[in-house]
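> Here's a structure for you.
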Amino acid sequence: MLYTFGVRTAVFAYRPAPIQVNFLGFPGSLGANFFDYVVTDPVVTPVAAAADYDEKFAYLPDCYQPNDAQREVGPMPSRAACGLPETGFIFCCFNNTYKITPDLFDCWCDLLRRVAGSVLWLLDANLQAKENLLREAAARGIAPERVVFAPKLPSSQHLARLALADLVLDTRPYNAHTTASDALWVGVPIVTWPGPTFASRVAASLVTTIGMPETIAGSLDEYEAIALHLAQAPDQLAGLKQRIEQARATSPLFDSTRFAANLEGLFGRMVERWNSGAAPAHLQPQAVSTAALEARRVAPITPKPLLDVRANGTSPRATKVAVDPAAWSRVPRVNSAFLGEPVSKRGTGAPRIAVVTPYYKERREWLERCIDSVRAQDYPATHYMVADGFPQDWIDATGVHHVRLDQAHADFGNTPRAIGGMLAVSEGFDAICFLDADNWYAPNHVSTCLNTVANSTEELDYVIALRNFVRNDGSVIPMPNSEDDTAGHVDTNCYFLLRGAFHTIPRWSLMPKPLAVICDRIYRVILEHDQLRRTRAAAVTVNYLCTWRGPYEAVGETPPDFAKSWVDPTNYLQWWRGLADNERNVVDKLIGARLQLS
């Protein structure tokens, strides 16, 4: 049972299964007598803790946490690329910032004072946490340049930079869980101080399983003493790292086959008790036999060797992965030239870009082309596809972030667009753009927008990209009348929002449905009402598949079968004119701007 966002835990109160198990998602007891077991290990839940749990302990012989031995680690960046000093010890904690407590932060700052030239490397979770931590560090006499913040990155890039750390400092009472196994996977030791609860003992379980119990402290003073000793004993630290490197190929922690076999055996023992009519009881650790384990293995997995940036004072230069020409197969371009220069990057980290696509009942070939156009960008972008009531299973395998909304909102994508945008905001992206499912970007769309920002003489809140009306084969329809920001309309696909405009995203979902058909025009009103700073890109980078009959007829062509007539505004104007003044005021408050329709 995974206890995660959106889960319907109450369903289990109806006993839909004869055996119900709490596993992995929530690190502790669910406090409900309708869960029979919790899958655990002897370190995270010692026998003495049994009275604190409604569930019976189902012990795995090694760590309860599964790990993948095939996680990809990208090219290691330089220290400078991560905002780190070229020399000096790197203490690291990439846990969520809400896990940092005052007593541990006191300890960390004390370590910084005692280890000359050292820095503390933390996760850049949000601006408020960053400002608070810098203020607290200053109050403890620590200069701001000694606390470095790391933006969120895709997994392979994050793991690559994590290997730059010298030592991970764990938190308590809520440990590093996945972040701890990430550190061990790239060879970085962890100092941890376990507490009395499941959540406070996970890192201890991980380091015990990998064979490094000497980094487990019994008190805060011992925690600091271990960290200080390792920071001042480079040979001993190097020995720990070498042991981790060797354990990656031999430890049960990263042996997925062993973990699966032991978990299946544990489930089998639960079923045996149930079949015999026996009540649930604590199940002691029982490892699968060596012969049975070897019979399961298809081929041994040998982890790729780690790259050590300090081995010779240099590091491999991070390079852009070449785009597979096959990825362009469904992406007709505005022209065949590669427009634009490399993106100008400010600061130590490259901006993280999200593309949000709401989709409804569009043709699969259009959805595939849309996805391919984001994948083929010359500047990487993370793609969110948000279903509006008609999720398609094949999208799960395309590598996008697929959000499935079961109910169709019939609001022309406003709700899915807002949900995707807010999700990207919550995950720390620097800019967000939108791409309807039946349209596609030129391969330099993101880089063109970023370059427009980089070359601006003022700080911008958003960029308006330019678009062409195109046929399904990518050829341009010469529009008799311009439709862009100079003509009073900007399509959603043309917005490239920076952080200064993020607060406007939720308002998309607040538009009354009768106005949804003109959502682009209303969103423009919102942005202009807030007096946000904008500029226009210089090159056309958006391909707007013309699904309207009018442009085809204007150039003397027979419209394709998917083209429809222009929207008749009569109904929404009648609805608007029929509202009383107080009702119009409610609408204005919802969208955050004074709306005037004629």
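The chains in the structure tokens are called A, B, ... from first to last as shown; in each chain the residues are counted from 1, and the ligands are counted from 1 in the order shown.
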Neighbouring residues of Leu498 (chain A) were defined as those with any atom within 9 Å, considering only C-alpha atoms; residues of the same chain fewer than 2 positions away were excluded. Please report them as a list in words.

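Counting only the stated atoms, we get Asp430, Ala431, Ile432, Cys433, Leu460, Asp461, Tyr462, Val463, Phe496, Gly500, Ala501 and Phe502 of chain A.
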
> Please, which residues of region 347-562 of chain A, numbered as in this document, come out strand (DSSP E or B) from DSSP, as number ranges by chain?

A: 353-359, 382-388, 401-405, 431-434, 440-441, 462-470, 476, 495-498, 534-545, 548

> Restricting the calculation to only C-alpha atoms, which member of A:Val188, A:Met76, A:Cys93, A:Ala176 is positioned closest to Ser156 (chain A)?

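Checking each of A:Val188, A:Met76, A:Cys93, A:Ala176 against Ser156 (chain A), counting only C-alpha atoms, the winner is A:Met76.
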
> Of the candidates A:Gly83, A:Pro391, A:Gly211, A:Gly88, which one gets nearest to Phe149 (chain A) if we count only C-alpha atoms?

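Among the listed residues, the smallest separation from Phe149 (chain A) belongs to A:Gly83.
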
> Could you work out how far CA of Glu362 (chain A) lies from CA of Val542 (chain A), giving the answer in Å with one decimal?

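Taking CA of Val542 (chain A) as the start and CA of Glu362 (chain A) as the end point, the length is 18.1 Å.
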
> So that I can check the surroundings of Ser426 (chain A), please list as a PDB file with C-alpha atoms, in the first residue's frame every protein, DNA and RNA residue that reaches within 10 Å of it, counting only C-alpha atoms and ignoring chain neighbours fewer than 5 positions away.


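Wrote result.pdb, looks like this:
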```
ATOM      1  CA  ALA A 125      13.820  24.239  -2.265  1.00  0.00           C
ATOM      2  CA  ASN A 126      12.204  27.674  -2.365  1.00  0.00           C
ATOM      3  CA  GLY A 420       0.329  21.523 -15.163  1.00  0.00           C
ATOM      4  CA  GLY A 421       1.633  25.053 -14.683  1.00  0.00           C
TER       5      GLY A 421
END
```
